[in-house]
Amino acid sequence: MGFLSVIILFIFLAASSTEATNFLVGGINGWSTHPSEDYQTWSGRLRFQINDTLSFKYSKETDSVVVVSKDGYDKCNAANPISKLEGGDSTLMFDRSGPFYFITSNKTNCDQGQKLAIVVMAPRNKSPPTPLAPVPSPESQTPGPSPSFAPAVSAAGVVSVLVLSVTVAAFITLT
């Protein structure tokens with residue numbers, strides 16, 4: 001049974017390697033006018049993906065997080081929110097790529113910089129497109145050696161093959 005547990009753990013770890021990331025906005029100071037790092041500097045050095053989450057920690061008595069349009073962000077205007085996060089401990093999951101704009105519901109604090117703009121990256125293709133071979137000119141009609149193509153192997157494919165191989169080996173060993 002010990003070996004089977006190791007196999008199950010290995011499969012779980014391989015599958016969880018593509019999980020989303022949770023980001024704590026404002027660091028140890030949370031969502032405030034004095035974050036441990038400027039919000040724009042913080043968001044500029046990170047890469048956000050679909051299904052990643054932002055966690056906001058703030059005083060529920062005096063603050064909230066408002067998701068707004070670009071215009072609302074630029075003007076610190078929370079009058080027409082896309083959504084509002086309240087309660088002092090809020091999490092938002094990115095469900096699409098593109099820009100997201102967050103401001104505090106306190107206009108004075110927003111004017112002092114308590115706002116955050118984030119761009120969520122679009123999903124990447126698993127492999128880049130294969131470039132087309134150049135068309136030969138009519139003067140170079142002499143046949144050359146046949147091209148050979150190596151199959152593209154992704155890291156996910158290698159992990160899947162390894163997991164399958166180890167699982168089959170474990171099954172054979174246990175039976």
# chains A, B, ... in the order shown; residues from 1 in each chain; ligands from 1

call {"tool": "residues_around", "arguments": {"residues": "Ser97 (chain A)", "least_positions_apart": "2", "cutoff": "7 Å", "atoms": "only C-alpha atoms", "output": "PyMOL selection string"}}
result
chain A and resi 50+120-122

call {"tool": "select_by_dssp", "arguments": {"residues": "region 32-122 of chain A", "states": "strand (DSSP E)", "output": "PyMOL selection string"}}
result
chain A and resi 53-57+65-68+83-85+89-93+98-104+115-120

call {"tool": "write_last_selection", "arguments": {"atoms": "C-alpha atoms", "output": "PDB file, in the first residue's frame"}}
result
ATOM      1  CA  THR A  53      -7.175  35.029  -7.584  1.00  0.00           C
ATOM      2  CA  LEU A  54      -6.586  38.297  -5.756  1.00  0.00           C
ATOM      3  CA  SER A  55      -7.071  38.368  -1.990  1.00  0.00           C
ATOM      4  CA  PHE A  56      -7.890  41.715  -0.407  1.00  0.00           C
ATOM      5  CA  LYS A  57      -7.553  42.241   3.372  1.00  0.00           C
ATOM      6  CA  VAL A  65     -12.916  47.075  -2.942  1.00  0.00           C
ATOM      7  CA  VAL A  66     -14.783  48.259  -6.012  1.00  0.00           C
ATOM      8  CA  VAL A  67     -14.258  46.759  -9.472  1.00  0.00           C
ATOM      9  CA  VAL A  68     -14.766  49.590 -11.953  1.00  0.00           C
ATOM     10  CA  SER A  83     -18.901  44.645  -8.643  1.00  0.00           C
ATOM     11  CA  LYS A  84     -18.166  45.480  -5.029  1.00  0.00           C
ATOM     12  CA  LEU A  85     -16.240  43.363  -2.537  1.00  0.00           C
ATOM     13  CA  ASP A  89     -11.550  39.609   3.526  1.00  0.00           C
ATOM     14  CA  SER A  90     -12.446  39.307  -0.144  1.00  0.00           C
ATOM     15  CA  THR A  91     -11.233  37.182  -3.024  1.00  0.00           C
ATOM     16  CA  LEU A  92     -11.776  37.704  -6.723  1.00  0.00           C
ATOM     17  CA  MET A  93     -10.969  35.115  -9.405  1.00  0.00           C
ATOM     18  CA  GLY A  98      -7.824  41.637 -20.267  1.00  0.00           C
ATOM     19  CA  PRO A  99      -7.702  44.620 -17.921  1.00  0.00           C
ATOM     20  CA  PHE A 100      -9.248  44.745 -14.440  1.00  0.00           C
ATOM     21  CA  TYR A 101      -9.530  47.954 -12.408  1.00  0.00           C
ATOM     22  CA  PHE A 102      -9.893  48.130  -8.623  1.00  0.00           C
ATOM     23  CA  ILE A 103     -10.402  51.176  -6.418  1.00  0.00           C
ATOM     24  CA  THR A 104     -11.228  51.741  -2.770  1.00  0.00           C
ATOM     25  CA  LYS A 115      -6.214  51.725  -6.630  1.00  0.00           C
ATOM     26  CA  LEU A 116      -4.939  48.890  -8.744  1.00  0.00           C
ATOM     27  CA  ALA A 117      -4.946  48.102 -12.466  1.00  0.00           C
ATOM     28  CA  ILE A 118      -4.137  44.566 -13.595  1.00  0.00           C
ATOM     29  CA  VAL A 119      -3.916  42.969 -17.022  1.00  0.00           C
ATOM     30  CA  VAL A 120      -4.693  39.253 -17.112  1.00  0.00           C
TER      31      VAL A 120
END

call {"tool": "closest_residue", "arguments": {"among": "A:Ser59, A:Lys75, A:Gly88, A:Gly113", "to": "Thr41 (chain A)", "atoms": "only C-alpha atoms"}}
result
A:Gly113

call {"tool": "select_by_dssp", "arguments": {"residues": "region 4-78 of chain A", "states": "helix (DSSP H, G or I)", "output": "PyMOL selection string"}}
result
chain A and resi 4-16+27-29+39-44+70-75

call {"tool": "write_last_selection", "arguments": {"atoms": "N, CA, C and O atoms", "output": "short mmCIF file (atom, residue, chain, number, x, y, z; two decimals), in the first residue's frame"}}
result
data_model
loop_
_atom_site.label_atom_id
_atom_site.label_comp_id
_atom_site.auth_asym_id
_atom_site.auth_seq_id
_atom_site.Cartn_x
_atom_site.Cartn_y
_atom_site.Cartn_z
N LEU A 4 1.67 2.40 -3.57
CA LEU A 4 0.49 2.95 -4.23
C LEU A 4 0.22 4.38 -3.75
O LEU A 4 -0.13 5.25 -4.54
N SER A 5 0.43 4.63 -2.47
CA SER A 5 0.25 5.98 -1.93
C SER A 5 1.22 6.96 -2.57
O SER A 5 0.87 8.09 -2.88
N VAL A 6 2.46 6.53 -2.78
CA VAL A 6 3.45 7.37 -3.44
C VAL A 6 3.03 7.67 -4.86
O VAL A 6 3.15 8.81 -5.34
N ILE A 7 2.49 6.68 -5.56
CA ILE A 7 2.03 6.87 -6.94
C ILE A 7 0.88 7.88 -6.97
O ILE A 7 0.86 8.80 -7.80
N ILE A 8 -0.07 7.73 -6.07
CA ILE A 8 -1.20 8.67 -6.02
C ILE A 8 -0.72 10.07 -5.71
O ILE A 8 -1.16 11.04 -6.33
N LEU A 9 0.22 10.21 -4.79
CA LEU A 9 0.78 11.52 -4.47
C LEU A 9 1.48 12.12 -5.68
O LEU A 9 1.32 13.29 -5.99
N PHE A 10 2.23 11.32 -6.41
CA PHE A 10 2.94 11.79 -7.61
C PHE A 10 1.94 12.28 -8.66
O PHE A 10 2.13 13.34 -9.26
N ILE A 11 0.86 11.53 -8.87
CA ILE A 11 -0.15 11.93 -9.84
C ILE A 11 -0.80 13.24 -9.40
O ILE A 11 -1.00 14.16 -10.21
N PHE A 12 -1.10 13.38 -8.12
CA PHE A 12 -1.70 14.61 -7.61
C PHE A 12 -0.77 15.80 -7.82
O PHE A 12 -1.20 16.86 -8.27
N LEU A 13 0.51 15.64 -7.53
CA LEU A 13 1.46 16.74 -7.69
C LEU A 13 1.63 17.12 -9.15
O LEU A 13 1.73 18.29 -9.50
N ALA A 14 1.65 16.12 -10.03
CA ALA A 14 1.78 16.41 -11.46
C ALA A 14 0.56 17.15 -11.97
O ALA A 14 0.66 18.09 -12.75
N ALA A 15 -0.61 16.77 -11.51
CA ALA A 15 -1.84 17.42 -11.96
C ALA A 15 -1.98 18.82 -11.38
O ALA A 15 -2.52 19.71 -12.01
N SER A 16 -1.47 19.05 -10.17
CA SER A 16 -1.64 20.35 -9.53
C SER A 16 -0.59 21.37 -9.96
O SER A 16 -0.64 22.51 -9.54
N GLY A 27 0.39 43.17 0.18
CA GLY A 27 1.36 42.50 1.06
C GLY A 27 0.88 42.46 2.50
O GLY A 27 -0.31 42.33 2.77
N ILE A 28 1.81 42.61 3.44
CA ILE A 28 1.46 42.49 4.86
C ILE A 28 0.55 43.61 5.33
O ILE A 28 -0.17 43.45 6.31
N ASN A 29 0.53 44.74 4.63
CA ASN A 29 -0.35 45.86 5.02
C ASN A 29 -1.75 45.73 4.45
O ASN A 29 -2.63 46.49 4.81
N TYR A 39 1.11 49.75 -5.51
CA TYR A 39 0.25 48.80 -6.23
C TYR A 39 0.66 48.61 -7.69
O TYR A 39 0.68 47.49 -8.19
N GLN A 40 0.97 49.69 -8.38
CA GLN A 40 1.33 49.57 -9.79
C GLN A 40 2.68 48.88 -9.98
O GLN A 40 2.87 48.11 -10.91
N THR A 41 3.63 49.14 -9.08
CA THR A 41 4.92 48.45 -9.13
C THR A 41 4.71 46.96 -8.89
O THR A 41 5.26 46.11 -9.59
N TRP A 42 3.90 46.66 -7.88
CA TRP A 42 3.60 45.27 -7.53
C TRP A 42 2.97 44.53 -8.70
O TRP A 42 3.43 43.46 -9.10
N SER A 43 1.91 45.11 -9.28
CA SER A 43 1.22 44.41 -10.37
C SER A 43 2.06 44.36 -11.64
O SER A 43 1.95 43.42 -12.42
N GLY A 44 2.94 45.34 -11.82
CA GLY A 44 3.79 45.36 -13.01
C GLY A 44 4.85 44.29 -13.03
O GLY A 44 5.32 43.88 -14.10
N LYS A 70 -12.37 51.50 -16.72
CA LYS A 70 -11.16 52.32 -16.83
C LYS A 70 -11.48 53.76 -16.45
O LYS A 70 -10.71 54.41 -15.74
N ASP A 71 -12.62 54.30 -16.89
CA ASP A 71 -13.01 55.66 -16.56
C ASP A 71 -13.21 55.82 -15.05
O ASP A 71 -12.77 56.81 -14.46
N GLY A 72 -13.87 54.85 -14.42
CA GLY A 72 -14.05 54.88 -12.97
C GLY A 72 -12.72 54.84 -12.24
O GLY A 72 -12.53 55.51 -11.22
N TYR A 73 -11.80 54.06 -12.77
CA TYR A 73 -10.45 53.97 -12.19
C TYR A 73 -9.73 55.31 -12.31
O TYR A 73 -9.18 55.83 -11.34
N ASP A 74 -9.74 55.88 -13.51
CA ASP A 74 -9.03 57.15 -13.74
C ASP A 74 -9.58 58.28 -12.88
O ASP A 74 -8.83 59.13 -12.41
N LYS A 75 -10.91 58.29 -12.66
CA LYS A 75 -11.55 59.39 -11.92
C LYS A 75 -11.83 59.04 -10.46
O LYS A 75 -12.45 59.85 -9.75
#

call {"tool": "atom_distance", "arguments": {"atom1": "CA of Asp63 (chain A)", "atom2": "CA of Ala78 (chain A)"}}
result
12.2 Å
